Amino acid sequence: MGTMIELQSADGTVVPAYEAWPVGTPRGAVVVIQEIFGVNSHIRAVADGYAAEGYVAVAPAAFHRVKPEVELGYTDADMGEGFGYKTAVEALPAPGVMQDIQAAIDHAAQVSDGKVGIVGYCWGGLLTWRAACTLSGLSAATPYYGGGVTTEAEIARQPRVPVLAHFADEDKWIPLDTVAAFKMAHSEVEVHTYAAHHGFNCDQRGSWDAASAQLARERTLAFFKQHLG
């Protein structure tokens with residue numbers, strides 16, 4: 001089990017984050033970026049899972065600038081509410097939430113005394129891709145079904161670190177032809193697709209697919225072991 005901590009962004013904003021520690025000396029750190037449902041029980045469990053693998057895991061509250069203490073479930077009403085917060089964050093003046101993610105990366109590097117990776121899910125997958133392309137201090141990035149990653153504007157970005165991207169071939173939010181375009185534009189990115197729907201990693205969602213989630217996790221852990229230690 002982890003604890004809530006406070007991060008300070010470049011503009012002085014104090015942002016809460018969930019932090020989970022491994023037993024023994026950390027092998028590095030992983031910043032975990034939420035879906036549109038906040039740093040909820042699922043995201044905390046994901047962070048705990050990376051801590052169990054030897055990493056300090058830090059999950060910043062990406063909605064904090066527009067709505068503090070968001071913790072939603074996965075009903076249609078929750079989805080609508082979360083989408084509203086996501087839209088509000090996306091509308092913030094630059095750098096917006098990216099400076100909070102940078103603060104999480106900086107903190108993770110300092111406390112772990114090791115390399116830092118980043119992983120994100122859904123909207124967090126998009127933020128993970130942007131972090132890989134624009135932020136400093138990362139050694140690897142793994143976006144899961146990042147909504148928006150395969151748009152022309154995002155495809156035009158260039159990653160600064162190795163990227164492993166997971167997509168679902170039945171994802172109604174991310175058409176496969178756009179995944180193909182992303183893959184063609186970024187031969188340096190390791191891209192995997194799964195016979196599953198959007199959100200397949202989350203065991204609290206109806207779209208959870210245990211086999212796909214397990215395979216993606218194995219690949220992600222191997223990727224992080226290669227690039228973080």
# chains A, B, ... in the order shown; residues from 1 in each chain; ligands from 1

$ select_by_dssp --residues "range 19-118 of chain A" --states "helix (DSSP H, G or I)" --output "number ranges by chain"
A: 41-52, 76-90, 98-112

$ closest_atom_pairs --of "range 16-82 of chain A" --to "range 146-162 of chain A" --cutoff "12 Å" --atoms "only C-alpha atoms" --output "tab-separated table"
residue	atom	partner	partner_atom	distance
A:Ile33	CA	A:Gly146	CA	10.9
A:Gln34	CA	A:Gly146	CA	11.1
A:Glu35	CA	A:Gly146	CA	9.4
A:Ile36	CA	A:Gly147	CA	10.7

$ write_last_selection --atoms "C-alpha atoms" --output "PDB file, in the first residue's frame"
ATOM      1  CA  ILE A  33      -0.715   8.377 -15.461  1.00  0.00           C
ATOM      2  CA  GLN A  34      -4.415   7.993 -14.769  1.00  0.00           C
ATOM      3  CA  GLU A  35      -7.369   7.393 -17.049  1.00  0.00           C
ATOM      4  CA  ILE A  36     -10.200   9.971 -17.082  1.00  0.00           C
TER       5      ILE A  36
END

$ residues_around --residues "Ser136 in chain A" --least-positions-apart "5" --cutoff "9 Å" --atoms "only C-alpha atoms" --output "compact mmCIF listing (two decimals) with C-alpha atoms, in the first residue's frame"
# COMPACT_ATOMS: atom_id res chain seq x y z
CA GLN A 102 7.43 16.72 -15.11
CA ILE A 105 9.28 12.53 -13.08
CA ASP A 106 11.73 14.77 -11.21
CA ALA A 131 5.71 13.19 -22.07
CA ARG A 160 12.92 11.39 -27.17

$ residues_around --residues "Thr142 in chain A" --least-positions-apart "3" --cutoff "6 Å" --atoms "only C-alpha atoms" --output "list in words"
Val119, Val163, Leu164 and Ala165 of chain A

$ select_by_dssp --residues "range 17-125 of chain A" --states "strand (DSSP E or B)" --output "list of chain:residue names"
A:Ala17, A:Tyr18, A:Glu19, A:Ala20, A:Gly28, A:Ala29, A:Val30, A:Val31, A:Val32, A:Ile33, A:Gly38, A:Tyr55, A:Val56, A:Ala57, A:Val58, A:Ala59, A:Pro60, A:Glu71, A:Val116, A:Gly117, A:Ile118, A:Val119, A:Gly120, A:Tyr121

$ write_last_selection --atoms "N, CA and C atoms" --output "compact mmCIF listing (two decimals), in the first residue's frame"
# COMPACT_ATOMS: atom_id res chain seq x y z
N ALA A 17 -0.15 13.31 -5.25
CA ALA A 17 0.21 12.11 -6.02
C ALA A 17 0.19 10.91 -5.09
N TYR A 18 -0.14 9.77 -5.65
CA TYR A 18 -0.06 8.51 -4.91
C TYR A 18 1.32 7.91 -5.16
N GLU A 19 2.00 7.53 -4.08
CA GLU A 19 3.35 6.98 -4.19
C GLU A 19 3.41 5.62 -3.50
N ALA A 20 3.91 4.63 -4.23
CA ALA A 20 4.07 3.28 -3.69
C ALA A 20 5.53 2.86 -3.77
N GLY A 28 14.54 1.52 -9.87
CA GLY A 28 14.22 2.68 -10.68
C GLY A 28 12.84 3.16 -10.29
N ALA A 29 12.19 3.89 -11.17
CA ALA A 29 10.87 4.43 -10.85
C ALA A 29 9.97 4.43 -12.08
N VAL A 30 8.67 4.38 -11.83
CA VAL A 30 7.67 4.43 -12.89
C VAL A 30 6.61 5.46 -12.51
N VAL A 31 6.40 6.44 -13.38
CA VAL A 31 5.31 7.40 -13.21
C VAL A 31 4.08 6.81 -13.89
N VAL A 32 2.98 6.74 -13.15
CA VAL A 32 1.74 6.13 -13.63
C VAL A 32 0.71 7.23 -13.88
N ILE A 33 0.22 7.32 -15.11
CA ILE A 33 -0.72 8.38 -15.46
C ILE A 33 -2.13 7.81 -15.61
N GLY A 38 -9.57 9.64 -12.63
CA GLY A 38 -8.82 10.09 -11.46
C GLY A 38 -7.84 9.05 -10.96
N TYR A 55 9.93 -1.08 -8.38
CA TYR A 55 10.02 0.33 -8.76
C TYR A 55 9.27 1.22 -7.77
N VAL A 56 9.80 2.41 -7.54
CA VAL A 56 8.99 3.44 -6.90
C VAL A 56 7.96 3.88 -7.92
N ALA A 57 6.69 3.86 -7.56
CA ALA A 57 5.63 4.25 -8.48
C ALA A 57 4.96 5.52 -7.99
N VAL A 58 4.82 6.49 -8.89
CA VAL A 58 4.24 7.79 -8.55
C VAL A 58 3.12 8.10 -9.53
N ALA A 59 1.91 8.31 -8.99
CA ALA A 59 0.74 8.59 -9.83
C ALA A 59 0.19 9.97 -9.49
N PRO A 60 0.55 11.00 -10.27
CA PRO A 60 0.08 12.35 -9.98
C PRO A 60 -1.40 12.53 -10.32
N GLU A 71 -12.14 10.92 -7.85
CA GLU A 71 -12.03 9.46 -7.80
C GLU A 71 -13.34 8.88 -8.29
N VAL A 116 13.87 6.58 -14.80
CA VAL A 116 12.41 6.75 -14.68
C VAL A 116 11.73 6.38 -15.99
N GLY A 117 10.70 5.56 -15.87
CA GLY A 117 9.82 5.26 -16.99
C GLY A 117 8.45 5.86 -16.72
N ILE A 118 7.61 5.89 -17.74
CA ILE A 118 6.26 6.40 -17.58
C ILE A 118 5.29 5.47 -18.29
N VAL A 119 4.13 5.24 -17.67
CA VAL A 119 3.09 4.41 -18.26
C VAL A 119 1.76 5.11 -18.02
N GLY A 120 0.89 5.07 -19.03
CA GLY A 120 -0.41 5.72 -18.87
C GLY A 120 -1.49 4.98 -19.64
N TYR A 121 -2.71 5.17 -19.19
CA TYR A 121 -3.85 4.40 -19.69
C TYR A 121 -4.95 5.35 -20.18

$ residues_around --residues "Thr220 in chain A" --least-positions-apart "2" --cutoff "10 Å" --atoms "only C-alpha atoms" --output "list of chain:residue names"
A:Val119, A:Ala141, A:Thr142, A:Pro143, A:Tyr144, A:Leu164, A:Ala165, A:His166, A:Gln214, A:Leu215, A:Ala216, A:Arg217, A:Glu218, A:Ala222, A:Phe223, A:Phe224, A:Lys225, A:Gln226

$ atom_distance --atom1 "CA of Thr128 in chain A" --atom2 "CA of Met184 in chain A"
19.5 Å

$ residues_around --residues "His198 in chain A" --least-positions-apart "2" --cutoff "9 Å" --atoms "only C-alpha atoms" --output "ChimeraX atom specification"
/A:122,145,167-174,196,200-201,207-208

$ write_last_selection --atoms "C-alpha atoms" --output "PDB file, in the first residue's frame"
ATOM      1  CA  CYS A 122      -6.607   5.861 -21.885  1.00  0.00           C
ATOM      2  CA  TYR A 145      -4.631   2.702 -25.813  1.00  0.00           C
ATOM      3  CA  PHE A 167      -3.553  -0.764 -28.694  1.00  0.00           C
ATOM      4  CA  ALA A 168      -6.728  -2.856 -28.954  1.00  0.00           C
ATOM      5  CA  ASP A 169      -8.022  -4.015 -32.314  1.00  0.00           C
ATOM      6  CA  GLU A 170     -11.672  -3.658 -31.222  1.00  0.00           C
ATOM      7  CA  ASP A 171     -11.204  -0.171 -29.747  1.00  0.00           C
ATOM      8  CA  LYS A 172     -14.076   1.996 -30.984  1.00  0.00           C
ATOM      9  CA  TRP A 173     -12.181   5.127 -29.888  1.00  0.00           C
ATOM     10  CA  ILE A 174      -8.959   4.376 -31.800  1.00  0.00           C
ATOM     11  CA  ALA A 196      -9.606  -6.720 -27.017  1.00  0.00           C
ATOM     12  CA  PHE A 200      -8.655  -4.006 -21.548  1.00  0.00           C
ATOM     13  CA  ASN A 201      -6.081  -3.538 -18.788  1.00  0.00           C
ATOM     14  CA  SER A 207     -13.886  -4.395 -21.304  1.00  0.00           C
ATOM     15  CA  TRP A 208     -11.218  -6.037 -19.116  1.00  0.00           C
TER      16      TRP A 208
END

$ closest_residue --among "A:Val46, A:Met98, A:Val89, A:Ala103" --to "Val15 in chain A" --atoms "only C-alpha atoms"
A:Ala103

$ residues_around --residues "Leu72 in chain A" --least-positions-apart "4" --cutoff "7 Å" --atoms "only C-alpha atoms" --output "list in words"
Phe37, Gly38, Asn40 and Asp78 of chain A

$ write_last_selection --atoms "N, CA and C atoms" --output "PDB file, in the first residue's frame"
ATOM      1  N   PHE A  37     -10.640   8.833 -14.976  1.00  0.00           N
ATOM      2  CA  PHE A  37     -11.409   8.544 -13.773  1.00  0.00           C
ATOM      3  C   PHE A  37     -10.670   8.927 -12.483  1.00  0.00           C
ATOM      4  N   GLY A  38      -9.565   9.638 -12.634  1.00  0.00           N
ATOM      5  CA  GLY A  38      -8.824  10.090 -11.465  1.00  0.00           C
ATOM      6  C   GLY A  38      -7.840   9.050 -10.958  1.00  0.00           C
ATOM      7  N   ASN A  40      -7.874   6.686  -8.954  1.00  0.00           N
ATOM      8  CA  ASN A  40      -8.861   5.874  -8.239  1.00  0.00           C
ATOM      9  C   ASN A  40      -8.235   4.566  -7.762  1.00  0.00           C
ATOM     10  N   ASP A  78     -20.014   8.294 -14.660  1.00  0.00           N
ATOM     11  CA  ASP A  78     -18.612   8.552 -14.321  1.00  0.00           C
ATOM     12  C   ASP A  78     -17.815   8.913 -15.570  1.00  0.00           C
TER      13      ASP A  78
END

$ closest_residue --among "A:Gly137, A:Pro22, A:Gly2, A:Gly73" --to "Tyr50 in chain A" --atoms "only C-alpha atoms"
A:Pro22
